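**Student:** Structure incoming, see below.
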2 protein chains.
Amino acid sequence: MASYEDLMSLSVRRGFLWPAVDLYGGFAGFYDYGHNGALLRRHWEDAWLEHFLGLNDNYYLIDTTTILPHATLKASGHVDHFTDLLVTCTRCGESYRADHLLEAATHEEHEGITAAETDAKIKAVGVRCPNCKGELGPSRPFNMMFPLGVGPTGQDSAFLRPETAQGAFLNFKREFEALRRKLPMGLAIVGRAYRNEISPRQGTYRMREFLQAELQVFFDPATFADQVPYSAVADVAVRLCWAAEKNQPIAHELAAKDLVARGLPSWYVYHMAKVQQFYMDVLQIPRERFRFAELDEKERAFYNKIHFDVQVNQDSLGGFKEVGGVHYRTDHDLKGHEAGSHQKQAVTVGTNRVVPHVLELSFGVDRNVWALLDLGYRPGERAVLRVPPRLAPITVAVFPLVNKDGLPERAEAVYRRTRRQMTAFYDDAGSIGKRYARMDEIGTAFCVTVDHETLEGKGVTLRDRDSQKQVRVADADLVSHLERLLSGEAHFDDPA
Amino acid sequence: MASYEDLMSLSVRRGFLWPAVDLYGGFAGFYDYGHNGALLRRHWEDAWLEHFLGLNDNYYLIDTTTILPHATLKASGHVDHFTDLLVTCTRCGESYRADHLLEAATHEEHEGITAAETDAKIKAVGVRCPNCKGELGPSRPFNMMFPLGVGPTGQDSAFLRPETAQGAFLNFKREFEALRRKLPMGLAIVGRAYRNEISPRQGTYRMREFLQAELQVFFDPATFADQVPYSAVADVAVRLCWAAEKNQPIAHELAAKDLVARGLPSWYVYHMAKVQQFYMDVLQIPRERFRFAELDEKERAFYNKIHFDVQVNQDSLGGFKEVGGVHYRTDHDLKGHEAGSHQKQAVTVGTNRVVPHVLELSFGVDRNVWALLDLGYRPGERAVLRVPPRLAPITVAVFPLVNKDGLPERAEAVYRRTRRQMTAFYDDAGSIGKRYARMDEIGTAFCVTVDHETLEGKGVTLRDRDSQKQVRVADADLVSHLERLLSGEAHFDDPA
């Protein structure tokens, strides 16, 4: 079990991530990724793309601009509704997010309550300014988008995008024409989003600039249920809690078919099962650490009709915390852009004209990376980071046992060969024990040592991070054996 | 030979890239990537990372924020110096970039001339407003960064970064400590940069939001020459033109050692050779389409001491155009941040204390993608996009010959197997000839057809995009044979 401080210490010391611009005293809400963090995150992205684009042959990756003109975000509703309630101290002038102040005072979540409710609650609970104990002014909506001006006189009003999703909606019609002209069609974007959070906090959990991985699935509500292979997941036990239980660390296990019986659409439940599979099988999150958490009408974003958060229970953050969400956005987005742009968004599928509805699978990449560190890191005498081997920043490290007798040359040849297929690292500094320890701490899945027996044709030593077992593998079989270990086709104890 | 219009037509029709936000009438200077463009670009990034991080074991990928506080860009010099000259029409109020107006009028480049020189030249040539023929006002510097405010009252002045490089400089000291504590150390960033261009134009060539791939190499000038394997490239013929020749379509071939004899540092020339190798060998740009172009003191960015642009001759853009650069930034950056942050940037290497100098290898990813389209696309009766097979959006397409007799099931099994190792695409629509044509146009390197003989154990048909030759390959060997074709270990005519 790792504390927040343990993780930050690991992160800074070993190049995962750290507060940005610390050279100038920091920059609240912004984090930079070091060499190990950048690899871990890139491997997470690769796994995400493989899993979610693999759901359907008609799902694709695209990439779109992070700056969007005012008209698009007016049409999407963000200009008017993408707000948090801000309260400002009448004495010292410090500003706060109202729901966070209430949460700190009452230990209950207060997302989605109105300004009037907030002001009444602040008065009832007696919340005062955390900075100077002064009286707080009335709460008011604060738009969380960053505005900016484009053009030589800044005349074109624009914003940094608050979510990647809008890029998919704006390109829907073009992609539909360029692709197979059929539904469902999925457009995925992995990219930056920006929110001018009033009070960024908890490390990478609430940042002002962050990375999202989102898949927007455009579908015809009349036919979608028949197009997903729901029957394959009907008996899967889905872990979740209901909206009223969200502040408690509990989860029920309900069969997918029972969720459908309770009224959730089968295509929605199918995607819940696929998201759960990604967390349990691909990311190897322990079952009891995972749950969906229902959001009620007041808590949901203004564009969502059905909304379950994806949560992972993290010791460093004090419980179940959101890492993603499954959002049924209806036809809100395409209808909004149709009205805003005066361009029809309906498409012809078979004999029907339909404005597609949207199911959004949305993930905060930084939050996911943090969850992997939280669940994987075990500090102590033998500090080790247990992340799935294919996600590890470094897949395999290669060492010469000693720096003489031709071992470095041989080890370098092994290193050059492996790094064409996976992320490899060469290390010849210090004792083998110290080199193992350094690799364990950053999660390196396998270590290969070249020794004198290697020169005699007896192969190399391959060591497993988690079991610390060692086996000898013939040089020529090393890369293919590692690939089988990574794909799960082979297990460490199998003879190579 | 493809015109600008040919490329834009291909791009829009087949999902490479297109003007962003066209739904709302467009957004000058912004482009979105469709499904094929996103894959082509991601494959370019992978090839770039492999080639340039492969130069030295101590070169790494990191990732840093795109928003930077005012103090950092004041220290880097961008707040004061990152400007273009703007002229505004005294009659209609339209604004223009002064050097572009002069270039249009004189057909010569005018980067880097002063405001006074510009005003004199505008008067001498008689340039008037292109919009209304009105008289132009005096030129004045215009900062190209996008300013924005961070925090609930926007109180923290910040900018979108104008180059990824600053992220590497700000993290230098932390990474030096977290890594091997030796020089040279390289920090690469692939990410967005932003410039509020006065007049964005020529498609993806001058955009307001674009993707950079930059490698900052931190080195000790006293030892760097001995640390690069310069002798391995001493006889390589480097293609370049001198500053005075930049407006002409010519290039000299000089041996690397002759460039060193003329006074360029050997470590600089070594990296020129490695950049040229990337273009000629990895991207397979024809030799005569590539050159370095020297920039003189007036044209160079304010922080560069030696600067050659990397240029590719592109028909769609009318000649040699910049796609990257090799920049010797001296110790300008770390010294600037040392002064701005009051944090020492010197490190101890051996017995020396040194503030490292920086060699920057900088590439515009969008410009590179465009160059691949420009050089690779041949419109016409058999339209084909010839990009290196490993960069192709789709590596291999899999077809059933007909949609019956169990061929689709067998083809889908082949598709599922190949797509674990490479980008694969399944297509069963239309005649085989039409499917080949669709794949040729988007550059798909190989097509696999499953036919009735496949069911008899006689393998599949593998077709090569460029030669249109076909060979039969045993099912079981297909993936490994494709991998050998991609790595260059096998050639198409070899028996599988």
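Ordering of the structure tokens sets the chain letters (A, B, ...), residue numbers begin anew at 1 in every chain, and ligands are numbered from 1 in the order given.
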Using only C-alpha atoms, which protein or nucleic acid residues come within 9 Å of Ser199 (chain B)? Drop anything in the same chain fewer than 3 positions from it, and give the result as a VMD selection string.
**Tutor:** (chain A and resid 151 to 152) or (chain B and resid 28 to 29 95 to 97 100 196 206)
**Student:** Within 10 Å of His271 (chain A), counting only C-alpha atoms, which residues qualify if same-chain residues fewer than 3 places away don't, as a PyMOL selection string?
**Tutor:** chain A and resi 52+55+228+230+233+266-268+274-277+326+359-361
**Student:** Give the residues of chain A that lie within 7 Å of chain B; count only C-alpha atoms, and format the answer as a ChimeraX atom specification.
**Tutor:** /A:13-15,21,23-24,30-35,38,60-65,95,147-148,150-152,170,175,178,196,198,341,343
**Student:** Can you pull out every residue within 9 Å of Ala445 (chain B), counting only C-alpha atoms, but drop anything in the same chain fewer than 2 positions away, and send it as a list of chain:residue names?
**Tutor:**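 Close residues of Ala445 (chain B): B:Arg386, B:Val387, B:Pro388, B:Pro389, B:Arg390, B:Ala392, B:Pro393, B:Ile394, B:Thr395, B:Val396, B:Ala397, B:Met439, B:Asp440, B:Gly443, B:Cys447, B:Arg463, B:Asp464, B:Arg465, B:Asp466.
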**Student:** I need the residues from that last selection saved to file as a compact mmCIF listing (two decimals), in the first residue's frame (with all heavy atoms), if you can.
**Tutor:**
```txt
# COMPACT_ATOMS: atom_id res chain seq x y z
N ARG B 386 2.55 6.15 -52.91
CA ARG B 386 3.73 5.35 -52.60
C ARG B 386 4.45 5.93 -51.39
O ARG B 386 5.26 6.84 -51.53
CB ARG B 386 4.69 5.32 -53.79
CG ARG B 386 4.14 4.57 -54.99
CD ARG B 386 5.13 4.69 -56.16
NE ARG B 386 4.49 4.31 -57.40
CZ ARG B 386 4.70 3.14 -58.02
NH1 ARG B 386 5.53 2.27 -57.52
NH2 ARG B 386 4.08 2.88 -59.15
N VAL B 387 4.10 5.43 -50.22
CA VAL B 387 4.82 5.80 -49.01
C VAL B 387 5.55 4.54 -48.54
O VAL B 387 5.15 3.43 -48.88
CB VAL B 387 3.88 6.35 -47.91
CG1 VAL B 387 3.35 7.72 -48.30
CG2 VAL B 387 2.74 5.39 -47.63
N PRO B 388 6.62 4.70 -47.74
CA PRO B 388 7.31 3.51 -47.25
C PRO B 388 6.30 2.57 -46.56
O PRO B 388 5.46 3.04 -45.79
CB PRO B 388 8.32 4.08 -46.26
CG PRO B 388 8.57 5.48 -46.71
CD PRO B 388 7.25 5.94 -47.28
N PRO B 389 6.38 1.27 -46.85
CA PRO B 389 5.38 0.33 -46.31
C PRO B 389 5.12 0.49 -44.82
O PRO B 389 3.97 0.45 -44.38
CB PRO B 389 5.99 -1.03 -46.64
CG PRO B 389 6.74 -0.78 -47.91
CD PRO B 389 7.31 0.60 -47.77
N ARG B 390 6.16 0.70 -44.01
CA ARG B 390 5.92 0.77 -42.57
C ARG B 390 5.27 2.08 -42.16
O ARG B 390 4.82 2.22 -41.03
CB ARG B 390 7.20 0.53 -41.77
CG ARG B 390 8.35 1.42 -42.15
CD ARG B 390 9.54 1.14 -41.27
NE ARG B 390 9.22 1.50 -39.89
CZ ARG B 390 10.14 1.79 -38.99
NH1 ARG B 390 11.42 1.72 -39.29
NH2 ARG B 390 9.80 2.14 -37.77
N ALA B 392 2.79 3.45 -44.14
CA ALA B 392 1.45 3.45 -44.74
C ALA B 392 0.39 3.42 -43.65
O ALA B 392 0.55 2.76 -42.63
CB ALA B 392 1.30 2.23 -45.65
N PRO B 393 -0.72 4.19 -43.85
CA PRO B 393 -1.79 4.16 -42.85
C PRO B 393 -2.20 2.72 -42.54
O PRO B 393 -2.33 2.33 -41.39
CB PRO B 393 -2.93 4.92 -43.53
CG PRO B 393 -2.26 5.82 -44.52
CD PRO B 393 -1.03 5.10 -44.97
N ILE B 394 -2.38 1.93 -43.59
CA ILE B 394 -2.74 0.53 -43.42
C ILE B 394 -1.62 -0.31 -44.00
O ILE B 394 -1.21 -0.11 -45.15
CB ILE B 394 -4.07 0.23 -44.14
CG1 ILE B 394 -5.20 1.01 -43.43
CG2 ILE B 394 -4.36 -1.26 -44.16
CD1 ILE B 394 -6.48 1.03 -44.20
N THR B 395 -1.10 -1.21 -43.19
CA THR B 395 0.00 -2.05 -43.66
C THR B 395 -0.52 -3.12 -44.61
O THR B 395 0.04 -3.36 -45.67
CB THR B 395 0.70 -2.74 -42.47
OG1 THR B 395 0.81 -1.81 -41.40
CG2 THR B 395 2.07 -3.23 -42.87
N VAL B 396 -1.60 -3.78 -44.19
CA VAL B 396 -2.10 -4.89 -44.98
C VAL B 396 -3.63 -4.92 -44.98
O VAL B 396 -4.24 -4.72 -43.93
CB VAL B 396 -1.51 -6.24 -44.48
CG1 VAL B 396 -1.86 -6.49 -43.03
CG2 VAL B 396 -1.96 -7.41 -45.35
N ALA B 397 -4.21 -5.11 -46.15
CA ALA B 397 -5.66 -5.28 -46.27
C ALA B 397 -5.95 -6.74 -46.55
O ALA B 397 -5.18 -7.40 -47.26
CB ALA B 397 -6.20 -4.40 -47.39
N MET B 439 -7.27 0.55 -51.98
CA MET B 439 -6.09 0.42 -51.13
C MET B 439 -4.87 1.12 -51.73
O MET B 439 -4.09 1.74 -51.03
CB MET B 439 -5.79 -1.06 -50.88
CG MET B 439 -6.80 -1.75 -49.97
SD MET B 439 -6.89 -1.01 -48.31
CE MET B 439 -8.49 -0.21 -48.37
N ASP B 440 -4.71 1.04 -53.06
CA ASP B 440 -3.60 1.73 -53.71
C ASP B 440 -3.66 3.23 -53.44
O ASP B 440 -2.65 3.87 -53.18
CB ASP B 440 -3.64 1.50 -55.22
CG ASP B 440 -3.17 0.10 -55.61
OD1 ASP B 440 -2.52 -0.56 -54.78
OD2 ASP B 440 -3.47 -0.32 -56.75
N GLY B 443 -2.36 4.09 -50.11
CA GLY B 443 -0.99 3.68 -49.83
C GLY B 443 -0.83 2.35 -49.12
O GLY B 443 0.29 2.04 -48.68
N CYS B 447 -1.82 -6.35 -50.01
CA CYS B 447 -3.18 -6.88 -49.95
C CYS B 447 -3.12 -8.40 -49.95
O CYS B 447 -2.34 -9.00 -50.68
CB CYS B 447 -4.00 -6.41 -51.16
SG CYS B 447 -4.31 -4.63 -51.18
N ARG B 463 -0.30 -9.42 -52.51
CA ARG B 463 -0.05 -8.50 -53.62
C ARG B 463 0.71 -7.29 -53.12
O ARG B 463 0.42 -6.74 -52.06
CB ARG B 463 -1.37 -8.05 -54.23
CG ARG B 463 -1.23 -6.95 -55.31
CD ARG B 463 -2.62 -6.46 -55.67
NE ARG B 463 -2.63 -5.39 -56.64
CZ ARG B 463 -2.63 -4.08 -56.32
NH1 ARG B 463 -2.57 -3.70 -55.05
NH2 ARG B 463 -2.71 -3.17 -57.28
N ASP B 464 1.68 -6.87 -53.93
CA ASP B 464 2.53 -5.73 -53.60
C ASP B 464 1.98 -4.47 -54.27
O ASP B 464 1.65 -4.48 -55.45
CB ASP B 464 3.95 -6.03 -54.12
CG ASP B 464 4.91 -4.88 -53.90
OD1 ASP B 464 4.99 -4.40 -52.75
OD2 ASP B 464 5.57 -4.47 -54.87
N ARG B 465 1.87 -3.39 -53.50
CA ARG B 465 1.31 -2.14 -54.03
C ARG B 465 2.09 -1.59 -55.21
O ARG B 465 1.51 -1.22 -56.23
CB ARG B 465 1.29 -1.08 -52.91
CG ARG B 465 0.80 0.29 -53.32
CD ARG B 465 1.18 1.32 -52.25
NE ARG B 465 2.62 1.50 -52.19
CZ ARG B 465 3.30 1.96 -51.15
NH1 ARG B 465 2.65 2.29 -50.04
NH2 ARG B 465 4.61 2.10 -51.18
N ASP B 466 3.41 -1.56 -55.09
CA ASP B 466 4.20 -0.83 -56.08
C ASP B 466 4.41 -1.63 -57.36
O ASP B 466 4.27 -1.10 -58.46
CB ASP B 466 5.53 -0.41 -55.48
CG ASP B 466 5.32 0.59 -54.35
OD1 ASP B 466 4.25 1.22 -54.32
OD2 ASP B 466 6.22 0.74 -53.51
```
**Student:** When DSSP is applied to the backbone of this structure, which of region 215-416 of chain B are assigned strand (DSSP E)? Write them out as a VMD selection string.
**Tutor:** chain B and resid 215 to 219 237 to 241 252 to 255 290 to 294 306 to 314 319 to 330 347 to 349 352 to 354 357 to 364 377 to 378 384 to 385 396 to 400
**Student:** Write out as a list in words each polymer residue whose atoms come within 12 Å of Asp428 (chain B), counting only C-alpha atoms; drop sequence neighbours fewer than 2 positions from it.
**Tutor:**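 In the requested format, the answer is Arg180 of chain A; Ala397, Val398, Phe399, Pro400, Leu401, Val402, Asn403, Lys404, Leu407, Pro408, Glu409, Ala411, Glu412, Tyr415, Phe425, Tyr426, Gly430, Ser431, Ile432, Gly433, Lys434, Arg435, Tyr436, Arg438, Val448, Thr449 and Val450 of chain B.
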**Student:** Write a file of the just-selected residues containing C-alpha atoms, as a compact mmCIF listing (two decimals), in the first residue's frame.
**Tutor:**
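Wrote out_3.txt, looks like this:
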```
# COMPACT_ATOMS: atom_id res chain seq x y z
CA ARG A 180 -18.11 2.88 -45.07
CA ALA B 397 -5.66 -5.28 -46.27
CA VAL B 398 -7.40 -8.65 -46.16
CA PHE B 399 -10.13 -9.63 -48.65
CA PRO B 400 -12.28 -12.68 -49.16
CA LEU B 401 -12.45 -13.31 -52.93
CA VAL B 402 -16.23 -13.78 -52.67
CA ASN B 403 -18.69 -13.42 -49.80
CA LYS B 404 -19.64 -17.11 -49.62
CA LEU B 407 -14.18 -17.45 -47.46
CA PRO B 408 -15.28 -14.48 -45.26
CA GLU B 409 -14.78 -16.53 -42.06
CA ALA B 411 -10.40 -14.09 -44.27
CA GLU B 412 -11.57 -12.67 -40.96
CA TYR B 415 -7.37 -10.32 -40.51
CA PHE B 425 -8.07 -3.54 -42.71
CA TYR B 426 -10.85 -5.92 -43.76
CA GLY B 430 -17.12 -4.65 -54.48
CA SER B 431 -14.86 -6.44 -56.95
CA ILE B 432 -11.28 -7.37 -56.04
CA GLY B 433 -10.11 -4.83 -58.62
CA LYS B 434 -12.05 -2.04 -56.89
CA ARG B 435 -10.71 -3.12 -53.51
CA TYR B 436 -7.12 -3.04 -54.83
CA ARG B 438 -9.12 1.77 -52.97
CA VAL B 448 -4.03 -10.45 -49.00
CA THR B 449 -6.81 -12.33 -50.79
CA VAL B 450 -8.37 -15.50 -49.42
```
**Student:** Tell me which protein, DNA and RNA residues are within 7 Å of Phe308 (chain B), counting only C-alpha atoms, leaving out same-chain ones fewer than 3 positions away, and put them as a PyMOL selection string.
**Tutor:** chain B and resi 292-295+325-327
**Student:** Take the residues from that selection and put them in a file with N, CA and C atoms, as a PDB file, in the first residue's frame.
**Tutor:**
```pdb
ATOM      1  N   PHE B 292      19.739  20.505 -47.268  1.00  0.00           N
ATOM      2  CA  PHE B 292      19.819  21.458 -46.165  1.00  0.00           C
ATOM      3  C   PHE B 292      19.956  22.845 -46.771  1.00  0.00           C
ATOM      4  N   ALA B 293      19.382  23.848 -46.110  1.00  0.00           N
ATOM      5  CA  ALA B 293      19.517  25.218 -46.599  1.00  0.00           C
ATOM      6  C   ALA B 293      20.018  26.085 -45.447  1.00  0.00           C
ATOM      7  N   GLU B 294      21.184  26.664 -45.645  1.00  0.00           N
ATOM      8  CA  GLU B 294      21.781  27.500 -44.606  1.00  0.00           C
ATOM      9  C   GLU B 294      20.951  28.762 -44.384  1.00  0.00           C
ATOM     10  N   LEU B 295      20.842  29.192 -43.143  1.00  0.00           N
ATOM     11  CA  LEU B 295      20.187  30.475 -42.852  1.00  0.00           C
ATOM     12  C   LEU B 295      21.252  31.451 -42.379  1.00  0.00           C
ATOM     13  N   GLY B 325      14.722  21.454 -39.044  1.00  0.00           N
ATOM     14  CA  GLY B 325      15.913  22.276 -38.916  1.00  0.00           C
ATOM     15  C   GLY B 325      16.888  21.672 -37.929  1.00  0.00           C
ATOM     16  N   VAL B 326      18.156  22.011 -38.119  1.00  0.00           N
ATOM     17  CA  VAL B 326      19.220  21.586 -37.206  1.00  0.00           C
ATOM     18  C   VAL B 326      19.794  22.870 -36.612  1.00  0.00           C
ATOM     19  N   HIS B 327      19.556  23.068 -35.308  1.00  0.00           N
ATOM     20  CA  HIS B 327      19.812  24.364 -34.681  1.00  0.00           C
ATOM     21  C   HIS B 327      20.812  24.251 -33.538  1.00  0.00           C
TER      22      HIS B 327
END
```
**Student:** Please measure the separation of CA of Ala104 (chain A) and CA of Asp366 (chain A), giving the value in Å to one decimal.
**Tutor:**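 Here the two named atoms are 24.1 Å from each other.
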**Student:** Might you pull out every residue within 10 Å of Pro379 (chain B), with only C-alpha atoms counted and same-chain residues fewer than 4 positions away left off, and present them as a ChimeraX atom specification?
**Tutor:** /B:1-3,6-7,10,383-385,441
